[in-house]
file start14.txt (compact mmCIF, C-alpha atoms)
# COMPACT_ATOMS: atom_id res chain seq x y z
CA MET T 1 -21.65 -58.02 27.00
CA ALA T 2 -19.86 -58.19 23.61
CA ALA T 3 -16.64 -59.06 25.42
CA ILE T 4 -17.99 -62.42 26.65
CA PRO T 5 -18.47 -64.07 23.21
CA LEU T 6 -15.10 -62.68 22.11
CA LEU T 7 -13.46 -64.09 25.23
CA CYS T 8 -15.04 -67.52 24.61
CA VAL T 9 -13.71 -67.62 21.05
CA VAL T 10 -10.26 -66.41 22.16
CA VAL T 11 -10.16 -69.17 24.79
CA TYR T 12 -11.01 -71.71 22.06
CA MET T 13 -8.28 -70.33 19.77
CA VAL T 14 -5.65 -70.46 22.52
CA ALA T 15 -6.71 -74.01 23.53
CA SER T 16 -6.54 -75.10 19.87
CA GLY T 17 -3.06 -73.61 19.55
CA VAL T 18 -1.79 -75.36 22.68
CA VAL T 19 -3.34 -78.69 21.64
CA GLY T 20 -2.01 -78.34 18.08
CA VAL T 21 1.56 -77.59 19.16
CA ARG T 22 1.50 -80.53 21.61
CA LEU T 23 0.25 -82.85 18.86
CA ILE T 24 2.94 -81.71 16.42
CA ALA T 25 5.58 -82.28 19.13
CA ARG T 26 4.12 -85.75 19.77
CA ALA T 27 4.17 -86.49 16.01
CA ARG T 28 7.90 -85.71 15.94
CA GLN T 29 8.46 -88.40 18.58
CA SER T 30 6.02 -91.04 17.35
CA ARG T 31 6.40 -90.29 13.60
CA GLY T 32 2.62 -90.69 13.50
CA VAL T 33 0.87 -89.04 10.56
CA PRO T 34 -2.53 -88.71 12.35
CA GLU T 35 -0.99 -86.69 15.20
CA LEU T 36 0.75 -84.46 12.65
CA LEU T 37 -2.45 -83.90 10.65
CA ALA T 38 -4.49 -83.12 13.78
CA GLY T 39 -1.77 -80.84 15.15
CA MET T 40 -1.40 -78.90 11.90
CA SER T 41 -5.18 -78.69 11.61
CA TYR T 42 -5.60 -77.11 15.07
CA VAL T 43 -2.67 -74.72 14.70
CA ALA T 44 -3.48 -73.66 11.14
CA ALA T 45 -7.28 -73.25 11.25
CA PRO T 46 -8.69 -72.23 14.66
CA ALA T 47 -5.49 -70.91 16.27
CA LEU T 48 -4.03 -68.82 13.41
CA GLY T 49 -6.10 -68.85 10.21
CA TYR T 50 -9.51 -68.03 11.67
CA PRO T 51 -8.39 -65.04 13.80
CA LEU T 52 -6.28 -63.65 10.95
CA ALA T 53 -9.12 -64.00 8.43
CA ILE T 54 -11.60 -62.36 10.84
CA LEU T 55 -9.42 -59.59 12.26
CA THR T 56 -7.33 -58.38 9.32
CA PRO T 57 -10.27 -56.94 7.30
CA MET T 58 -10.80 -54.62 10.29
CA LEU T 59 -7.35 -53.08 9.80
CA SER T 60 -7.42 -49.69 8.07
CA ASN T 61 -3.99 -50.09 6.45
CA ARG T 62 -4.69 -52.22 3.39
CA ALA T 63 -0.97 -52.75 2.66
CA ILE T 64 -0.67 -54.68 5.95
CA ALA T 65 -4.18 -56.18 5.98
CA ALA T 66 -4.11 -57.75 2.49
CA PRO T 67 -1.08 -60.07 2.90
CA LEU T 68 -2.20 -61.01 6.42
CA TYR T 69 -5.66 -61.84 5.09
CA VAL T 70 -4.17 -64.05 2.34
CA ILE T 71 -2.02 -65.84 4.94
CA GLY T 72 -5.03 -66.27 7.26
CA GLU T 73 -7.29 -67.66 4.53
CA THR T 74 -4.52 -69.99 3.29
CA LEU T 75 -3.94 -71.32 6.81
CA LEU T 76 -7.68 -71.75 7.35
CA VAL T 77 -8.06 -73.80 4.16
CA PHE T 78 -4.89 -75.79 4.88
CA GLY T 79 -6.16 -76.62 8.41
CA CYS T 80 -9.55 -77.74 7.09
CA CYS T 81 -7.86 -79.99 4.50
CA CYS T 82 -5.66 -81.53 7.24
CA PHE T 83 -8.80 -82.17 9.29
CA LEU T 84 -10.42 -84.05 6.38
CA PHE T 85 -7.34 -86.20 5.91
CA PHE T 86 -7.09 -86.83 9.67
CA THR T 87 -10.59 -88.35 9.56
CA VAL T 88 -9.59 -90.52 6.60
CA LYS T 89 -6.22 -91.57 8.03
CA VAL T 90 -7.71 -92.56 11.40
CA PHE T 91 -11.11 -94.00 10.58
CA ARG T 92 -10.98 -95.09 6.89
CA PRO T 93 -7.30 -95.54 6.01
CA GLY T 94 -7.82 -98.12 3.26
CA ALA T 95 -11.09 -96.88 1.81
CA GLN T 96 -10.73 -95.40 -1.66
CA TRP T 97 -14.06 -93.56 -1.42
CA ALA T 98 -12.84 -91.79 1.74
CA ILE T 99 -9.48 -90.81 0.24
CA TRP T 100 -11.18 -89.46 -2.89
CA SER T 101 -13.82 -87.64 -0.81
CA ALA T 102 -11.12 -85.91 1.23
CA ALA T 103 -9.16 -85.05 -1.92
CA LEU T 104 -12.26 -83.67 -3.63
CA GLY T 105 -13.27 -81.79 -0.47
CA SER T 106 -9.77 -80.29 -0.25
CA ALA T 107 -9.87 -79.21 -3.91
CA VAL T 108 -13.22 -77.50 -3.36
CA LEU T 109 -11.95 -75.86 -0.14
CA ILE T 110 -8.95 -74.47 -2.06
CA TRP T 111 -11.31 -73.12 -4.71
CA CYS T 112 -13.44 -71.52 -1.96
CA GLY T 113 -10.38 -70.00 -0.28
CA PHE T 114 -9.22 -68.60 -3.60
CA GLY T 115 -12.70 -67.17 -4.32
CA ILE T 116 -13.04 -65.54 -0.88
CA THR T 117 -9.50 -64.09 -1.00
CA HIS T 118 -10.00 -62.82 -4.53
CA ALA T 119 -13.24 -61.10 -3.47
CA TYR T 120 -11.45 -59.40 -0.58
CA LEU T 121 -8.52 -58.26 -2.71
CA ILE T 122 -10.49 -56.73 -5.61
CA THR T 123 -13.15 -54.95 -3.56
CA SER T 124 -12.90 -51.96 -1.27
CA THR T 125 -16.07 -52.18 0.84
CA VAL T 126 -17.41 -54.92 3.11
CA ASP T 127 -20.75 -55.11 1.22
CA GLU T 128 -19.05 -55.56 -2.17
CA CYS T 129 -16.76 -58.23 -0.75
CA ALA T 130 -19.65 -60.08 0.93
CA ALA T 131 -21.65 -60.09 -2.33
CA LEU T 132 -18.74 -61.38 -4.38
CA ALA T 133 -17.67 -64.01 -1.83
CA LYS T 134 -21.21 -65.26 -1.18
CA ILE T 135 -21.03 -68.48 -3.23
CA PRO T 136 -17.51 -69.65 -2.22
CA LEU T 137 -18.29 -68.80 1.41
CA ALA T 138 -21.56 -70.78 1.29
CA VAL T 139 -19.79 -73.77 -0.30
CA MET T 140 -17.01 -73.60 2.31
CA VAL T 141 -19.51 -73.53 5.19
CA LEU T 142 -21.39 -76.47 3.68
CA LEU T 143 -18.17 -78.46 3.31
CA LEU T 144 -17.16 -77.69 6.89
CA MET T 145 -20.57 -78.90 8.07
CA LEU T 146 -20.17 -82.12 6.08
CA SER T 147 -16.65 -82.69 7.44
CA TYR T 148 -17.89 -82.27 11.02
CA ILE T 149 -20.86 -84.61 10.43
CA TRP T 150 -18.47 -87.19 8.96
CA THR T 151 -15.93 -87.07 11.78
CA ALA T 152 -18.67 -87.00 14.47
CA LEU T 153 -20.39 -90.07 13.01
CA GLU T 154 -17.07 -91.92 12.75
CA GLY T 155 -16.23 -91.04 16.37
CA LEU T 156 -19.63 -92.16 17.66
CA ARG T 157 -19.54 -95.37 15.56
CA TYR T 158 -16.15 -96.22 16.99
CA TYR T 159 -17.32 -95.36 20.51
CA ARG T 160 -20.06 -98.00 20.14
CA MET T 161 -17.47 -100.54 19.04
CA MET T 162 -15.16 -99.64 21.93
CA ARG T 163 -18.02 -100.14 24.42
CA LYS T 164 -18.39 -103.71 23.14
CA ARG T 165 -14.63 -104.24 23.46
CA MET T 166 -14.71 -102.93 27.03
CA ALA T 167 -17.20 -105.64 27.94
CA LEU T 168 -14.57 -108.20 26.82
CA GLY T 169 -11.71 -106.40 28.57
CA LEU T 170 -10.23 -105.36 25.21
CA ALA T 171 -10.49 -101.58 25.54
CA ASP T 172 -9.39 -98.87 27.90
CA ALA T 173 -12.11 -96.72 29.48
CA VAL T 174 -10.24 -93.45 28.90
CA VAL T 175 -9.57 -94.12 25.20
CA THR T 176 -13.19 -95.28 24.75
CA ASN T 177 -14.43 -92.04 26.27
CA ARG T 178 -12.14 -90.08 23.93
CA PHE T 179 -14.16 -91.32 20.93
CA LEU T 180 -17.40 -90.16 22.55
CA LEU T 181 -15.90 -86.74 23.21
CA TRP T 182 -14.58 -86.58 19.64
CA GLY T 183 -18.08 -87.28 18.32
CA PHE T 184 -19.62 -84.65 20.60
CA SER T 185 -16.93 -82.16 19.62
CA GLY T 186 -17.78 -82.67 15.95
CA LEU T 187 -21.50 -82.22 16.67
CA THR T 188 -20.79 -79.06 18.67
CA SER T 189 -18.80 -77.57 15.78
CA LEU T 190 -21.57 -78.60 13.41
CA ALA T 191 -24.22 -76.89 15.56
CA TRP T 192 -22.12 -73.76 15.92
CA ILE T 193 -21.45 -73.46 12.19
CA SER T 194 -25.05 -74.37 11.28
CA VAL T 195 -26.50 -71.58 13.42
CA SER T 196 -24.06 -69.05 11.96
CA ALA T 197 -24.75 -70.28 8.41
CA PHE T 198 -28.52 -70.08 8.93
CA CYS T 199 -28.26 -66.55 10.34
CA LEU T 200 -25.94 -65.50 7.52
CA ALA T 201 -28.39 -66.86 4.94
CA ALA T 202 -31.24 -65.05 6.69
CA GLY T 203 -29.34 -61.79 6.37
CA ALA T 204 -28.52 -61.43 10.06
CA ASN T 205 -25.34 -59.87 11.38
CA ILE T 206 -23.49 -62.79 12.95
CA GLY T 207 -21.31 -60.41 14.90
CA SER T 208 -24.14 -58.69 16.79
CA ASP T 209 -27.40 -60.70 16.62
CA PRO T 210 -28.04 -62.57 19.90
CA LEU T 211 -28.59 -66.04 18.36
CA PRO T 212 -25.32 -66.42 16.41
CA VAL T 213 -23.37 -64.60 19.13
CA THR T 214 -24.69 -67.01 21.78
CA ALA T 215 -24.05 -70.01 19.51
CA THR T 216 -20.49 -68.84 18.86
CA SER T 217 -19.69 -68.27 22.54
CA VAL T 218 -21.32 -71.50 23.77
CA GLY T 219 -19.77 -73.50 20.89
CA GLY T 220 -16.32 -72.04 21.56
CA ILE T 221 -16.35 -72.76 25.27
CA VAL T 222 -17.89 -76.25 24.94
CA ASN T 223 -15.34 -77.18 22.27
CA THR T 224 -12.55 -75.93 24.53
CA VAL T 225 -13.77 -78.29 27.26
CA PHE T 226 -13.83 -81.18 24.75
CA LEU T 227 -10.32 -80.33 23.49
CA VAL T 228 -8.94 -80.36 27.02
CA LEU T 229 -10.70 -83.62 27.96
CA ILE T 230 -9.62 -85.37 24.73
CA PHE T 231 -6.02 -84.16 24.39
CA MET T 232 -4.99 -83.01 27.89
CA PRO T 233 -7.32 -84.84 30.30
CA PRO T 234 -6.84 -83.89 33.95
CA PRO T 235 -5.79 -86.88 36.12
CA ALA T 236 -8.98 -86.51 38.19
CA TYR T 237 -11.09 -87.00 35.05
CA THR T 238 -9.22 -90.13 33.90
CA ARG T 239 -9.40 -91.58 37.45
CA TRP T 240 -13.16 -90.93 37.47
CA LEU T 241 -13.57 -92.72 34.10
CA GLU T 242 -11.55 -95.70 35.32
CA ARG T 243 -13.57 -95.91 38.56
CA LEU T 244 -16.79 -95.73 36.56
CA ALA T 245 -15.63 -98.53 34.23
CA ARG T 246 -14.63 -100.72 37.19
CA SER T 247 -17.97 -100.24 38.92
CA ASN T 248 -19.85 -100.97 35.66
CA ALA T 249 -17.77 -104.12 35.17
CA LEU T 250 -18.57 -105.25 38.73
CA ALA T 251 -22.27 -104.53 38.19
CA THR T 252 -22.35 -106.83 35.15
CA VAL T 253 -20.53 -109.73 36.89
CA MET Z 1 -7.92 -106.25 3.53
CA ALA Z 2 -8.05 -108.52 6.57
CA SER Z 3 -5.30 -108.68 9.19
CA PRO Z 4 -2.96 -111.72 9.49
CA ALA Z 5 -4.84 -112.79 12.66
CA PHE Z 6 -8.14 -112.82 10.79
CA GLU Z 7 -6.65 -114.72 7.84
CA ALA Z 8 -5.04 -117.28 10.19
CA ALA Z 9 -8.32 -117.86 12.05
CA GLN Z 10 -10.24 -118.20 8.80
CA GLY Z 11 -7.71 -120.66 7.40
CA ALA Z 12 -7.85 -122.76 10.58
CA LEU Z 13 -11.65 -122.90 10.43
CA GLU Z 14 -11.59 -123.96 6.77
CA ARG Z 15 -9.06 -126.72 7.47
CA ASN Z 16 -10.42 -128.02 10.77
CA ALA Z 17 -14.11 -127.25 11.04
CA GLY Z 18 -15.14 -128.37 7.56
CA MET Z 19 -16.31 -124.86 6.73
CA GLU Z 20 -16.21 -123.25 3.33
CA ARG Z 21 -14.30 -120.00 2.89
CA TRP Z 22 -17.35 -117.70 2.99
CA ASN Z 23 -18.96 -119.54 5.92
CA ALA Z 24 -15.75 -119.25 7.91
CA ARG Z 25 -15.41 -115.56 7.07
CA GLY Z 26 -19.06 -114.96 7.93
CA ALA Z 27 -18.82 -116.68 11.32
CA LEU Z 28 -15.70 -114.70 12.17
CA GLN Z 29 -17.20 -111.41 10.94
CA LEU Z 30 -20.30 -111.92 13.10
CA ALA Z 31 -18.16 -112.71 16.14
CA LEU Z 32 -16.05 -109.61 15.47
CA MET Z 33 -19.17 -107.49 15.14
CA ASP Z 34 -20.33 -108.68 18.57
CA ALA Z 35 -16.89 -107.79 19.94
CA GLY Z 36 -16.73 -104.34 18.31
CA LEU Z 37 -13.61 -105.30 16.35
CA GLU Z 38 -12.65 -104.99 12.68
CA ALA Z 39 -11.12 -107.65 10.42
CA ALA Z 40 -8.70 -105.09 8.98
CA ASN Z 41 -6.76 -104.46 12.16
CA ILE Z 42 -7.58 -107.17 14.70
CA THR Z 43 -4.48 -108.56 16.46
CA ALA Z 44 -3.80 -112.17 17.44
CA ALA Z 45 -4.32 -111.32 21.12
CA GLN Z 46 -7.73 -109.78 20.41
CA MET Z 47 -8.70 -112.66 18.15
CA LYS Z 48 -7.90 -115.15 20.93
CA VAL Z 49 -10.42 -113.41 23.21
CA VAL Z 50 -13.01 -113.53 20.42
CA VAL Z 51 -12.31 -117.25 19.91
CA ASP Z 52 -12.73 -117.90 23.65
CA ARG Z 53 -15.82 -115.79 24.24
CA LEU Z 54 -17.82 -115.32 21.05
CA LEU Z 55 -16.80 -117.70 18.28
CA PRO Z 56 -18.30 -120.88 19.83
CA LYS Z 57 -21.81 -119.40 19.57
CA GLN Z 58 -21.28 -118.62 15.87
CA LEU Z 59 -19.87 -122.08 15.16
CA GLN Z 60 -22.82 -123.73 16.89
CA SER Z 61 -25.22 -121.76 14.71
CA GLN Z 62 -23.24 -122.99 11.66
CA LYS Z 63 -23.77 -126.59 12.90
CA VAL Z 64 -20.04 -127.28 13.36
CA VAL Z 65 -19.72 -130.74 14.95
CA ASP Z 66 -16.71 -130.29 17.22
CA VAL Z 67 -16.84 -126.64 18.34
CA PRO Z 68 -14.25 -126.90 21.18
CA GLY Z 69 -11.87 -128.76 18.86
CA ALA Z 70 -12.24 -126.19 16.07
CA CYS Z 71 -11.66 -123.34 18.52
CA GLU Z 72 -8.55 -125.09 19.83
CA LYS Z 73 -7.16 -125.34 16.27
CA VAL Z 74 -7.85 -121.63 15.68
CA ARG Z 75 -6.02 -120.81 18.94
CA ASP Z 76 -3.05 -122.92 17.80
CA ALA Z 77 -2.95 -121.05 14.48
CA LEU Z 78 -3.04 -117.72 16.32
CA ASN Z 79 -0.25 -118.82 18.68
CA MET Z 80 2.01 -119.22 15.68
CA LEU Z 81 1.59 -115.53 14.83
CA GLY Z 82 3.68 -112.92 16.57
CA ASP Z 83 2.23 -109.70 17.93
CA ASP Z 84 0.93 -108.44 14.62
CA ALA Z 85 -0.10 -104.88 15.50
CA ARG Z 86 1.18 -103.66 12.14
CA ALA Z 87 -1.37 -101.07 11.05
CA ASP Z 88 -2.54 -98.03 12.98
CA SER Z 89 -6.07 -98.57 14.22
CA PRO Z 90 -8.30 -95.73 15.45
CA ASP Z 91 -7.94 -96.86 19.09
CA ARG Z 92 -4.13 -96.93 18.82
CA VAL Z 93 -4.15 -93.42 17.35
CA PHE Z 94 -6.56 -92.11 19.99
CA SER Z 95 -4.53 -93.67 22.79
CA ARG Z 96 -1.51 -91.68 21.52
CA LEU Z 97 -3.31 -88.35 21.21
CA ALA Z 98 -3.15 -87.48 24.90
CA GLY Z 99 -0.72 -88.24 27.68

call {"tool": "encode", "arguments": {"input": "start14.txt", "output": "structure tokens"}}
result
Amino acid sequence: MAAIPLLCVVVYMVASGVVGVRLIARARQSRGVPELLAGMSYVAAPALGYPLAILTPMLSNRAIAAPLYVIGETLLVFGCCCFLFFTVKVFRPGAQWAIWSAALGSAVLIWCGFGITHAYLITSTVDECAALAKIPLAVMVLLLMLSYIWTALEGLRYYRMMRKRMALGLADAVVTNRFLLWGFSGLTSLAWISVSAFCLAAGANIGSDPLPVTATSVGGIVNTVFLVLIFMPPPAYTRWLERLARSNALATV
Amino acid sequence: MASPAFEAAQGALERNAGMERWNARGALQLALMDAGLEAANITAAQMKVVVDRLLPKQLQSQKVVDVPGACEKVRDALNMLGDDARADSPDRVFSRLAG
């Protein structure tokens, strides 16, 4: 049974890696900063940083585990910072409050990453490390939740605007749907992290208790579906969206 | 900051519809809100659709005397602009993300 949640998370990591590499390749062609930020975010955080930060503490050889853990935590923080700036660059490019929020969020994330890494490096047992890293970990989880709420709300706000544009023939059905999926993806990540954070705060083992394990597996697989539909939509899906938009347009004539 | 298309439409309304700056901006902003568009990155092509479909209602509510004439002047001002898709808008970014 334990293999299923692990498989779901591995599928999400692989999908994130594929999507991230494709976005970075696209950014090289288009010279677009948003593609680059999103690509680096997916490659650095869910594809590389998260698995390294989770798996390396399980290694018995500390000489190998310690540098890998530092690399993993650094990539995780870097990916989260890129994600914050992606939201700013796409949805609030000229807003000073958004730029400063992302900068402040990034500074706090770096502080959290430093605190968590420091706790791992100076302690020898899992319990000691968990006690020392408690505050930076809690702050990091809170910031991640806020960043997902922010990006989800921006995606859903823009989806509403795109629906109005569609009624005037000013928006494409597939791109409009992408904003809805982006919003849902943010909410899924938020739900997944919230359940884990709640269980962690309640003293549960998020690696074995049924609630966080189910949340992690469902969140991982649902987010994989969203990633595929947003960044690599199958032709059948885009054709279905276009048919749906045409029939809705005919119904309103 | 508003896009060149928004500024051109606002200027045309001020000059030809006898509207003050803030009334013209307000009428355009309300029309854009109905269209799901933003002043910061609206293009001339999008603004023309707004002028055709949504602006007349806003101008009527502002008691503009010659609504068709004012809309025609705004269209003329927009025709003088090129395709002004200068800034990245969220929909342009999201249309590039897949494919």

call {"tool": "closest_residue", "arguments": {"input": "start14.txt", "among": "Z:Glu38, Z:Leu30, Z:Ala2, Z:Arg75", "to": "Asp52 in chain Z", "atoms": "all atoms listed in the file"}}
result
Z:Arg75

call {"tool": "closest_residue", "arguments": {"input": "start14.txt", "among": "Z:Ala17, Z:Ala9, Z:Ile42, Z:Leu78", "to": "chain T", "atoms": "all atoms listed in the file"}}
result
Z:Ile42

call {"tool": "interface_residues", "arguments": {"input": "start14.txt", "of": "chain T", "to": "chain Z", "cutoff": "10 Å", "atoms": "only C-alpha atoms", "output": "ChimeraX atom specification"}}
result
/T:19,22-23,26-27,30,32-35,38-39,87,89-94,154-155,157-172,174-176,178-179,182,228-235

call {"tool": "residues_around", "arguments": {"input": "start14.txt", "residues": "range 194-196 of chain T", "least_positions_apart": "2", "cutoff": "7 Å", "atoms": "all atoms listed in the file", "output": "PyMOL selection string"}}
result
chain T and resi 190-192+198-200+206+212+215

call {"tool": "atom_distance", "arguments": {"input": "start14.txt", "atom1": "CA of Gly203 in chain T", "atom2": "CA of Ala3 in chain T"}}
result
23.1 Å

call {"tool": "closest_residue", "arguments": {"input": "start14.txt", "among": "T:Gln29, T:Thr74, T:Asn248, T:Thr125", "to": "Ala44 in chain T", "atoms": "only C-alpha atoms"}}
result
T:Thr74

call {"tool": "atom_distance", "arguments": {"input": "start14.txt", "atom1": "CA of Phe114 in chain T", "atom2": "CA of Pro136 in chain T"}}
result
8.5 Å

call {"tool": "atom_distance", "arguments": {"input": "start14.txt", "atom1": "CA of Ala15 in chain T", "atom2": "CA of Ser41 in chain T"}}
result
12.9 Å

call {"tool": "closest_residue", "arguments": {"input": "start14.txt", "among": "T:Tyr50, T:Ile99, T:Asn61, T:Val213", "to": "Leu75 in chain T", "atoms": "all atoms listed in the file"}}
result
T:Tyr50

call {"tool": "residues_around", "arguments": {"input": "start14.txt", "residues": "Ala102 in chain T", "least_positions_apart": "5", "cutoff": "10 Å", "atoms": "all atoms listed in the file", "output": "list in words"}}
result
Cys81, Cys82, Phe83, Leu84, Phe85, Phe86, Thr87, Val88, Gln96, Trp97, Ala107, Val108 and Ser147 of chain T

call {"tool": "residues_around", "arguments": {"input": "start14.txt", "residues": "Ala70 in chain Z", "least_positions_apart": "5", "cutoff": "8 Å", "atoms": "all atoms listed in the file", "output": "list in words"}}
result
Ala12, Leu13, Asn16 and Ala17 of chain Z

call {"tool": "residues_around", "arguments": {"input": "start14.txt", "residues": "Val139 in chain T", "least_positions_apart": "2", "cutoff": "12 Å", "atoms": "only C-alpha atoms", "output": "PyMOL selection string"}}
result
chain T and resi 105-113+115-116+133-137+141-146+197

call {"tool": "residues_near_point", "arguments": {"input": "start14.txt", "point": "(-5.5, -110.8, 10.9)", "cutoff": "8 Å", "atoms": "only C-alpha atoms", "output": "JSON, numbers by chain"}}
result
{"Z": [2, 3, 4, 5, 6, 7, 8, 9, 39, 40, 41, 42, 43, 44, 84]}

call {"tool": "write_last_selection", "arguments": {"input": "start14.txt", "atoms": "C-alpha atoms", "output": "PDB file, in the coordinates of the input"}}
result
ATOM      1  CA  ALA Z   2      -8.050-108.520   6.570  1.00  0.00           C
ATOM      2  CA  SER Z   3      -5.300-108.680   9.190  1.00  0.00           C
ATOM      3  CA  PRO Z   4      -2.960-111.720   9.490  1.00  0.00           C
ATOM      4  CA  ALA Z   5      -4.840-112.790  12.660  1.00  0.00           C
ATOM      5  CA  PHE Z   6      -8.140-112.820  10.790  1.00  0.00           C
ATOM      6  CA  GLU Z   7      -6.650-114.720   7.840  1.00  0.00           C
ATOM      7  CA  ALA Z   8      -5.040-117.280  10.190  1.00  0.00           C
ATOM      8  CA  ALA Z   9      -8.320-117.860  12.050  1.00  0.00           C
ATOM      9  CA  ALA Z  39     -11.120-107.650  10.420  1.00  0.00           C
ATOM     10  CA  ALA Z  40      -8.700-105.090   8.980  1.00  0.00           C
ATOM     11  CA  ASN Z  41      -6.760-104.460  12.160  1.00  0.00           C
ATOM     12  CA  ILE Z  42      -7.580-107.170  14.700  1.00  0.00           C
ATOM     13  CA  THR Z  43      -4.480-108.560  16.460  1.00  0.00           C
ATOM     14  CA  ALA Z  44      -3.800-112.170  17.440  1.00  0.00           C
ATOM     15  CA  ASP Z  84       0.930-108.440  14.620  1.00  0.00           C
TER      16      ASP Z  84
END
